[in-house]
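Dropping input_5.tsv in here (TSV, C-alpha atoms):
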chain	number	residue	atom	x	y	z
A	21	MET	CA	0.00	0.00	0.00
A	22	ASN	CA	2.88	2.40	0.77
A	23	GLU	CA	4.34	1.78	-2.69
A	24	ILE	CA	1.07	2.65	-4.44
A	25	ALA	CA	0.73	5.73	-2.22
A	26	SER	CA	4.26	6.78	-3.17
A	27	ILE	CA	3.68	6.28	-6.89
A	28	LEU	CA	0.51	8.38	-6.66
A	29	LEU	CA	2.50	11.03	-4.78
A	30	ALA	CA	5.18	11.05	-7.48
A	31	VAL	CA	2.53	11.42	-10.21
A	32	TYR	CA	0.90	14.21	-8.18
A	33	ALA	CA	4.25	15.99	-7.83
A	34	ALA	CA	5.06	15.66	-11.54
A	35	VAL	CA	1.66	16.89	-12.72
A	36	GLY	CA	1.64	19.55	-10.00
A	37	ALA	CA	5.06	20.77	-11.17
A	38	ILE	CA	3.72	21.17	-14.71
A	39	ASP	CA	0.69	23.05	-13.40
A	40	GLY	CA	2.74	25.18	-11.02
A	41	ILE	CA	5.66	25.96	-13.30
A	42	TYR	CA	3.80	26.35	-16.60
A	43	PHE	CA	0.45	27.85	-15.58
A	44	HIS	CA	1.13	29.58	-12.25
A	45	LEU	CA	4.68	30.83	-12.67
A	46	TRP	CA	5.29	31.10	-16.41
A	47	LYS	CA	2.04	31.63	-18.34
A	48	TYR	CA	0.07	33.66	-15.79
A	49	ARG	CA	2.86	34.84	-13.45
A	50	LEU	CA	0.34	34.85	-10.63
A	51	PHE	CA	2.91	36.14	-8.15
A	52	ALA	CA	3.25	39.40	-10.11
A	53	HIS	CA	-0.41	40.44	-10.29
A	54	GLU	CA	-2.17	42.22	-7.49
A	55	ALA	CA	-5.44	40.36	-8.19
A	56	SER	CA	-3.76	36.97	-7.81
A	57	ARG	CA	-1.44	37.67	-4.89
A	58	ARG	CA	-3.75	35.91	-2.44
A	59	GLU	CA	-3.79	32.86	-4.71
A	60	HIS	CA	0.02	32.94	-4.85
A	61	HIS	CA	0.18	33.15	-1.05
A	62	LEU	CA	-2.11	30.10	-0.82
A	63	HIS	CA	0.21	28.25	-3.21
A	64	THR	CA	3.16	29.22	-1.01
A	65	ILE	CA	1.49	27.85	2.12
A	66	HIS	CA	0.52	24.66	0.30
A	67	ALA	CA	4.08	24.18	-0.98
A	68	ALA	CA	5.48	24.45	2.56
A	69	LEU	CA	2.86	22.09	3.97
A	70	PHE	CA	3.50	19.61	1.13
A	71	ALA	CA	7.16	19.42	2.13
A	72	ALA	CA	6.06	18.76	5.73
A	73	VAL	CA	3.68	16.01	4.56
A	74	ILE	CA	6.46	14.31	2.60
A	75	GLY	CA	8.83	14.45	5.56
A	76	THR	CA	6.37	13.22	8.16
A	77	LEU	CA	4.32	10.66	6.25
A	78	TYR	CA	6.51	9.30	3.44
A	79	LEU	CA	10.15	9.73	4.38
A	80	ALA	CA	10.07	8.23	7.86
A	81	PRO	CA	7.90	5.53	9.47
A	82	SER	CA	6.22	8.10	11.68
A	83	ALA	CA	4.01	7.25	14.62
A	84	GLY	CA	2.60	9.01	17.66
A	85	LEU	CA	2.94	12.78	17.70
A	86	LEU	CA	4.99	12.87	14.47
A	87	LEU	CA	2.29	10.92	12.61
A	88	TRP	CA	-0.38	13.25	13.96
A	89	ALA	CA	1.74	16.25	12.94
A	90	GLY	CA	1.80	14.84	9.42
A	91	VAL	CA	-1.96	14.34	9.48
A	92	GLY	CA	-2.31	17.94	10.66
A	93	ALA	CA	-0.04	19.20	7.86
A	94	PHE	CA	-2.12	17.29	5.32
A	95	ALA	CA	-5.41	18.58	6.78
A	96	ALA	CA	-4.10	22.15	6.71
A	97	SER	CA	-2.87	21.73	3.13
A	98	PHE	CA	-6.27	20.35	2.12
A	99	VAL	CA	-8.00	23.41	3.61
A	100	VAL	CA	-5.53	25.63	1.72
A	101	VAL	CA	-6.31	23.78	-1.54
A	102	ILE	CA	-10.05	24.31	-1.01
A	103	LEU	CA	-9.47	28.03	-0.29
A	104	ASP	CA	-7.35	28.16	-3.47
A	105	VAL	CA	-10.17	26.65	-5.55
A	106	LEU	CA	-12.57	29.23	-4.12
A	107	GLU	CA	-10.08	32.05	-4.83
A	108	GLU	CA	-9.16	31.12	-8.40
A	109	ARG	CA	-12.21	32.53	-10.20
A	110	ARG	CA	-11.76	36.00	-8.66
A	111	SER	CA	-8.00	35.85	-8.86
A	112	ARG	CA	-7.88	35.16	-12.58
A	113	GLU	CA	-10.64	37.45	-13.87
A	114	ASP	CA	-8.12	39.95	-15.25
A	115	LEU	CA	-6.14	37.12	-16.89
A	116	GLY	CA	-9.07	35.64	-18.81
A	117	GLY	CA	-10.26	33.28	-16.11
A	118	LEU	CA	-9.40	29.67	-15.38
A	119	THR	CA	-9.75	27.33	-18.36
A	120	PRO	CA	-11.86	24.16	-18.07
A	121	ARG	CA	-8.66	22.20	-18.70
A	122	GLU	CA	-6.96	23.77	-15.71
A	123	TYR	CA	-10.04	23.17	-13.53
A	124	ALA	CA	-9.94	19.50	-14.54
A	125	LEU	CA	-6.20	19.39	-13.87
A	126	HIS	CA	-6.73	20.79	-10.37
A	127	ALA	CA	-9.50	18.25	-9.66
A	128	GLY	CA	-7.18	15.45	-10.74
A	129	LEU	CA	-4.39	16.80	-8.56
A	130	ILE	CA	-6.65	16.93	-5.50
A	131	ALA	CA	-7.74	13.34	-6.15
A	132	LEU	CA	-4.15	12.08	-6.56
A	133	TYR	CA	-2.93	13.83	-3.41
A	134	SER	CA	-5.89	12.69	-1.31
A	135	ALA	CA	-5.69	9.08	-2.51
A	136	SER	CA	-1.96	8.97	-1.87
A	137	VAL	CA	-2.27	10.28	1.68
A	138	ALA	CA	-5.25	8.02	2.41
A	139	LEU	CA	-3.21	4.97	1.35
A	140	VAL	CA	-0.07	5.94	3.24
A	141	LEU	CA	-2.12	6.52	6.39
A	142	ALA	CA	-4.07	3.27	5.97
A	143	ALA	CA	-0.75	1.40	5.81
A	144	ARG	CA	0.20	2.55	9.33
A	145	PRO	CA	-0.41	-0.07	12.00
A	146	ALA	CA	-3.05	0.70	14.63
A	147	SER	CA	-0.35	1.07	17.28
A	148	ALA	CA	1.19	4.01	15.37
A	149	TRP	CA	-1.89	6.13	16.02
A	150	SER	CA	-1.48	6.27	19.79
A	151	LEU	CA	-0.33	9.68	20.98
A	152	ASP	CA	2.13	8.05	23.36
A	153	ALA	CA	3.64	5.81	20.66
A	154	PRO	CA	7.29	6.49	19.81
A	155	VAL	CA	7.64	9.05	17.00
A	156	LEU	CA	9.17	6.43	14.68
A	157	LEU	CA	8.14	2.82	14.15
A	158	ASP	CA	10.71	0.06	14.49
A	159	THR	CA	10.02	-1.08	10.93
A	160	ALA	CA	11.25	0.88	7.95
A	161	LEU	CA	9.01	2.04	5.14
A	162	PRO	CA	9.48	0.22	1.83
A	163	ALA	CA	12.56	1.27	-0.15
A	164	LEU	CA	10.44	2.67	-2.99
A	165	THR	CA	8.50	4.89	-0.58
A	166	HIS	CA	11.67	6.14	1.05
A	167	THR	CA	13.39	6.75	-2.31
A	168	ILE	CA	10.47	8.66	-3.80
A	169	ALA	CA	10.12	10.81	-0.67
A	170	LEU	CA	13.86	11.45	-0.52
A	171	ASN	CA	13.79	12.61	-4.13
A	172	LEU	CA	10.67	14.76	-3.79
A	173	LEU	CA	11.56	16.52	-0.55
A	174	PRO	CA	14.32	18.82	-1.90
A	175	GLY	CA	12.12	19.90	-4.81
A	176	ALA	CA	9.20	20.53	-2.47
A	177	ALA	CA	11.37	22.64	-0.16
A	178	LEU	CA	12.82	24.55	-3.13
A	179	THR	CA	9.32	25.14	-4.52
A	180	ALA	CA	8.24	26.62	-1.19
A	181	LEU	CA	11.33	28.85	-1.11
A	182	VAL	CA	10.79	30.04	-4.71
A	183	HIS	CA	7.18	30.88	-3.85
A	184	VAL	CA	8.29	32.90	-0.82
A	185	VAL	CA	10.87	34.84	-2.84
A	186	LEU	CA	8.48	35.49	-5.75
A	187	GLY	CA	5.85	36.61	-3.26
A	188	LEU	CA	8.05	39.53	-2.26
A	189	ARG	CA	6.59	42.52	-4.11
A	190	PRO	CA	9.90	44.01	-5.39
A	191	VAL	CA	10.94	40.63	-6.79
A	192	ALA	CA	7.55	39.95	-8.33
A	193	LEU	CA	7.45	43.29	-10.12
A	194	ARG	CA	10.73	42.50	-11.93
A	195	PHE	CA	9.00	39.58	-13.66
A	196	VAL	CA	5.87	41.28	-14.93
A	197	ARG	CA	5.45	41.03	-18.68
A	198	PRO	CA	4.46	44.31	-20.34
A	199	GLY	CA	0.68	44.47	-20.65
A	200	LEU	CA	0.02	41.85	-17.95
A	201	ALA	CA	0.52	43.94	-14.83

Could you render the structure from this file as structure tokens?
Amino acid sequence: MNEIASILLAVYAAVGAIDGIYFHLWKYRLFAHEASRREHHLHTIHAALFAAVIGTLYLAPSAGLLLWAGVGAFAASFVVVILDVLEERRSREDLGGLTPREYALHAGLIALYSASVALVLAARPASAWSLDAPVLLDTALPALTHTIALNLLPGAALTALVHVVLGLRPVALRFVRPGLA
């Protein structure tokens, strides 16, 4: 179950990178437009929480408080994603709105992320859910799960950092295309 969860997470990250890099950062440059700054801030929060989810649920065999911290990071990221969906229509009015293709892409991303986390959590033994359990289980996660998480974590952290830097107004304004500001 962990392996399937990890594969879904890798697909989510790959498709999410295309969505984030192409649509959010390159095509629309959401970080540089006043109307979409809130959406960019939501993306920044989600990127940071995603890195926390990878570290707490996929990289290590978490249990006890660490497992619950990972669940909390996922729950917070899910709330941020819902707020993002609600924000997108208003945020993109000046940019021509959100295309049906991008709406479908976002729905698929939410499904992949949710399914992946549901599977990785279902794979935890019942004893891991106790608050007084040790923070790490004695058994290691499968090698594939560990490898995928280890490879995704630096990119997730870098994505969060890039979002923070681009969210700084002086930096964002340097990247505005003429006619799109």

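The two atoms in question, CA of Ala33 in chain A and CA of Gly117 in chain A, are spaced 24.0 Å apart.
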
To one decimal place in Å, what is the distance between CA of Asn22 in chain A and CA of Ala93 in chain A?
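Between CA of Asn22 in chain A and CA of Ala93 in chain A the gap is 18.5 Å.
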
Residue among A:Ser97, A:Ser147, A:Thr165, A:Asn171 lying closest to Tyr78 in chain A, counting all atoms listed in the file
A:Thr165

CA of Gly90 in chain A to CA of Ala67 in chain A: how many Å, to one decimal?
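Taking CA of Gly90 in chain A and CA of Ala67 in chain A, their separation equals 14.2 Å.
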
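Distances from A:Phe70, A:Phe43, A:Phe98, A:Pro174 to Tyr123 in chain A were compared using all atoms listed in the file, and the smallest one belongs to A:Phe43.
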
Select, from A:Glu23, A:Glu122, A:Asp152, A:Asp114, the residue with the minimum atom-to-atom distance to Thr167 in chain A, counting only C-alpha atoms.
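Nearest to Thr167 in chain A: A:Glu23.
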